[in-house]
Amino acid sequence: MTIHMDRPNCKQLAAFRLGQRYVAYGGARGGGKSWFVRWKAVLLCARFPGIKILITRRSYRELLNNHIAPLGGMLRGLATYNRTEKVFRFPNGSSIWFGYCAKEADLGQYQGAEYDVWFADEAGQMQEGWLRQIDACVRGANAFPKRTYYTLNPGGPSHGYFKRLFIDRVFQEGENPEDYAFVQALVTDNQALMEAQPEYLRSLRKLPPKLREAWLHGRWDVYEGQFFEDFTPNPPPDKGDARALRHQRRWCHVIEPFDIPRSWTVYRSYDWGYGKPFSFGWWAVDYEGVLYRILELYGCTDTPNEGVRWTVERQMQEARRLEREHPWLKGREISGVADPSIWDGSRGDSVADVGMRYGLYFTPGVNDRIPGWMQVHHRLAFDENGYPRMYIFEGCRAFIRTIPLLQYSKTRPEDLDTEGEDHVADEVRYMCMARPIRPVEKAAERGVVFDPLDQMALTRR
């Protein structure tokens with residue numbers, strides 16, 4: 001079989017040569033991801049007679065536009081396409097199959113199937129659970145290489161999953177670090193696109209700052225649809241020396257722990273969960289009303305958004321133990337705020353009743369979602385000198401992991417998507433509504449007092 005291909009760019013060539021079980025390619029817009037998928041699949045079919053390959057996207061139309069139609073031109077006279085089965089077949093017995101997955105029900109088409117290689121194109125748009133189920137189809141007793149290739153950009157439902165594996169390289173039990181490789185490809189690596197469509201780079205540079213960082217520079221800590229884009233774990237490099245700024249607690253939210261003064265008030269916030277994670281947060285409030293998330297207890301398994309299924313009694317017992325033993329908490333009177341639903345006693349003792357038996361008392365949190373999220377945003381906002389009104393201790397890993405991953409709702413623009421891992425966010429919202437504040441005052445607004453009836457500037461401070 002003889003196939004003539006254009007010369008790959010340096011990043012595509014690097015990805016071609018990788019032999020790890022899992023290879024991720026991309027990380028920004030315009031990096032030549034679809035070209036890589038098509039040619040890598042064809043090269044594998046040419047090299048390994050009888051190999052079976054799967055290419056997926058969210059919809060059949062995406063498959064048709066990005067892969068089936070282009071491959072039809074590339075493989076004319078070399079492979080035949082069956083429209084009914086959606087497969088290219090080569091004379092040597094190799095085949096490229098196409099599948100889509102936009103919802104849970106679409107997974108049925110892969111049940112019992114076996115593939116040697118899977119290309120998950122735009123994989124970030126699929127749910128983590130779907131990715132795991134389809135990847136289980138990459139198997140077989142033959143000698144063909146078993147590989148999964150992901151092309152992706154920052155963002156999407158599985159953003160956190162790919163960031164953990166390929167960017168942060170934090171692995172769980174059963175995941176071998178040597179099996180994972182990532183090639184970061186930017187639009188500037190795609191010289192063919194730069195020559196054919198130079199205005200594409202200019203269009204990316206005109207995007208809003210957060211979106212530009214994700215799509216143009218491949219930043220994984222900011223991306224399209226991020227609900228809490230104002231959460232900044234570390235000071236941005238354009239603000240100066242990061243270490244000095246973090247020591248000053250400027251332009252960042254995550255700080256090193258310190259001993260809490262005994263005169264500061266401490267609060268406890270709580271979001272109940274069983275099949276989904278439960279979340280406790282402990283907060284210290286300084287003399288100026290700034291919140292410090294000093295400690296948390298998060299009931300999640302190694303699988304994101306999966307609860308440990310602790311009983312209410314066990315949750316309260318463990319929270320009470322922390323308050324008796326932890327040096328930041330013991331000996332203090334701690335006020336609690338929680339999801340109002342924990343007072344539902346229609347089936348016996350309520351969650352709040354169980355808490356009282358362990359000496360954990362709560363008041364019902366204000367459950368107005370949009371005002372609650374605005375209070376969280378007010379807390380995260382930096383003033384002109386770079387100081388926020390909420391800090392997170394480094395040990396609060398559930399907050400640091402889940403808050404950046406939450407996305408906007410597709411049906412209620414000002415709310416977040418409740419399909420995400422929002423349990424920490426909910427108990428943070430209850431806490432912020434218990435200590436509401438005004439937005440950060442901008443320099444342009446300072447000094448003007450407005451009459452609430454006619455909205456006219458009346459006086460100067």
# chains A, B, ... in the order shown; residues from 1 in each chain; ligands from 1
>>> select_by_dssp(residues="region 17-206 of chain A", states="helix (DSSP H, G or I)", output="PyMOL selection string")
chain A and resi 17+33-47+60-74+104-110+123-125+128-135+159-167+177-179+187-189+191-196+199-205
>>> residues_around(residues="Cys137 (chain A)", least_positions_apart="2", cutoff="12 Å", atoms="only C-alpha atoms", output="PyMOL selection string")
chain A and resi 52-54+107-118+130-135+139-140+146-148
>>> atom_distance(atom1="CA of Ala244 (chain A)", atom2="CA of Gly386 (chain A)")
12.7 Å
>>> residues_around(residues="Arg320 (chain A)", least_positions_apart="4", cutoff="8 Å", atoms="only C-alpha atoms", output="ChimeraX atom specification")
/A:316,324,358-360
>>> select_by_dssp(residues="region 145-334 of chain A", states="strand (DSSP E)", output="ChimeraX atom specification")
/A:147-152,180-184,254-255,265-271,279-285,291-298
>>> closest_residue(among="A:Arg321, A:Thr265, A:Gly355, A:Arg369", to="Asp417 (chain A)", atoms="only C-alpha atoms")
A:Arg369
>>> closest_residue(among="A:Arg61, A:Lys276, A:Arg347, A:His423", to="Gly307 (chain A)", atoms="only C-alpha atoms")
A:Lys276
>>> residues_around(residues="Ser263 (chain A)", least_positions_apart="6", cutoff="10 Å", atoms="only C-alpha atoms", output="number ranges by chain")
A: 284-287, 332
>>> write_last_selection(atoms="all heavy atoms", output="PDB file, in the first residue's frame")
ATOM      1  N   ALA A 284     -12.132  30.598  59.322  1.00  0.00           N
ATOM      2  CA  ALA A 284     -11.778  31.615  60.313  1.00  0.00           C
ATOM      3  C   ALA A 284     -12.071  32.991  59.711  1.00  0.00           C
ATOM      4  O   ALA A 284     -11.894  33.201  58.510  1.00  0.00           O
ATOM      5  CB  ALA A 284     -10.306  31.506  60.687  1.00  0.00           C
ATOM      6  N   VAL A 285     -12.530  33.904  60.544  1.00  0.00           N
ATOM      7  CA  VAL A 285     -12.861  35.258  60.095  1.00  0.00           C
ATOM      8  C   VAL A 285     -11.990  36.244  60.866  1.00  0.00           C
ATOM      9  O   VAL A 285     -12.012  36.265  62.103  1.00  0.00           O
ATOM     10  CB  VAL A 285     -14.354  35.572  60.327  1.00  0.00           C
ATOM     11  CG1 VAL A 285     -14.706  36.939  59.748  1.00  0.00           C
ATOM     12  CG2 VAL A 285     -15.228  34.494  59.712  1.00  0.00           C
ATOM     13  N   ASP A 286     -11.207  37.050  60.152  1.00  0.00           N
ATOM     14  CA  ASP A 286     -10.308  37.988  60.828  1.00  0.00           C
ATOM     15  C   ASP A 286     -11.063  39.256  61.233  1.00  0.00           C
ATOM     16  O   ASP A 286     -12.286  39.369  61.054  1.00  0.00           O
ATOM     17  CB  ASP A 286      -9.066  38.285  59.971  1.00  0.00           C
ATOM     18  CG  ASP A 286      -9.366  39.101  58.729  1.00  0.00           C
ATOM     19  OD1 ASP A 286     -10.480  39.647  58.605  1.00  0.00           O
ATOM     20  OD2 ASP A 286      -8.468  39.194  57.859  1.00  0.00           O
ATOM     21  N   TYR A 287     -10.329  40.239  61.763  1.00  0.00           N
ATOM     22  CA  TYR A 287     -10.955  41.440  62.304  1.00  0.00           C
ATOM     23  C   TYR A 287     -11.602  42.301  61.229  1.00  0.00           C
ATOM     24  O   TYR A 287     -12.453  43.140  61.515  1.00  0.00           O
ATOM     25  CB  TYR A 287      -9.917  42.259  63.065  1.00  0.00           C
ATOM     26  CG  TYR A 287      -9.184  41.468  64.115  1.00  0.00           C
ATOM     27  CD1 TYR A 287      -7.798  41.301  64.051  1.00  0.00           C
ATOM     28  CD2 TYR A 287      -9.870  40.853  65.169  1.00  0.00           C
ATOM     29  CE1 TYR A 287      -7.122  40.554  64.999  1.00  0.00           C
ATOM     30  CE2 TYR A 287      -9.204  40.108  66.124  1.00  0.00           C
ATOM     31  CZ  TYR A 287      -7.819  39.963  66.032  1.00  0.00           C
ATOM     32  OH  TYR A 287      -7.148  39.224  66.965  1.00  0.00           O
ATOM     33  N   ARG A 332     -12.978  25.761  70.857  1.00  0.00           N
ATOM     34  CA  ARG A 332     -13.680  26.926  70.326  1.00  0.00           C
ATOM     35  C   ARG A 332     -15.181  26.648  70.254  1.00  0.00           C
ATOM     36  O   ARG A 332     -15.607  25.511  70.074  1.00  0.00           O
ATOM     37  CB  ARG A 332     -13.194  27.271  68.912  1.00  0.00           C
ATOM     38  CG  ARG A 332     -11.748  27.746  68.816  1.00  0.00           C
ATOM     39  CD  ARG A 332     -11.425  28.044  67.362  1.00  0.00           C
ATOM     40  NE  ARG A 332     -10.055  28.450  67.149  1.00  0.00           N
ATOM     41  CZ  ARG A 332      -9.618  29.711  67.148  1.00  0.00           C
ATOM     42  NH1 ARG A 332     -10.475  30.696  67.392  1.00  0.00           N
ATOM     43  NH2 ARG A 332      -8.348  29.986  66.932  1.00  0.00           N
TER      44      ARG A 332
END
>>> residues_around(residues="Ile167 (chain A)", least_positions_apart="5", cutoff="8 Å", atoms="only C-alpha atoms", output="list in words")
Phe162, Phe182 and Trp220 of chain A
>>> closest_atom_pairs(of="region 6-65 of chain A", to="region 79-84 of chain A", cutoff="12 Å", atoms="only C-alpha atoms", output="JSON lines")
{"residue": "A:Val42", "atom": "CA", "partner": "A:Ala79", "partner_atom": "CA", "distance": 10.1}
{"residue": "A:Cys45", "atom": "CA", "partner": "A:Ala79", "partner_atom": "CA", "distance": 10.4}
{"residue": "A:Ala46", "atom": "CA", "partner": "A:Ala79", "partner_atom": "CA", "distance": 10.7}
{"residue": "A:Tyr60", "atom": "CA", "partner": "A:Arg83", "partner_atom": "CA", "distance": 11.8}
{"residue": "A:Leu64", "atom": "CA", "partner": "A:Arg83", "partner_atom": "CA", "distance": 10.7}
>>> residues_around(residues="region 271-275 of chain A", least_positions_apart="4", cutoff="6 Å", atoms="only C-alpha atoms", output="PyMOL selection string")
chain A and resi 279+307+309+339+427
>>> residues_around(residues="Phe171 (chain A)", least_positions_apart="6", cutoff="12 Å", atoms="only C-alpha atoms", output="ChimeraX atom specification")
/A:161-165,177-180,302-303
>>> closest_residue(among="A:His247, A:Lys410, A:Arg389, A:Arg401", to="Glu288 (chain A)", atoms="only C-alpha atoms")
A:Arg389
>>> closest_residue(among="A:Val37, A:Val170, A:Ile400, A:Leu216", to="Phe231 (chain A)", atoms="only C-alpha atoms")
A:Ile400
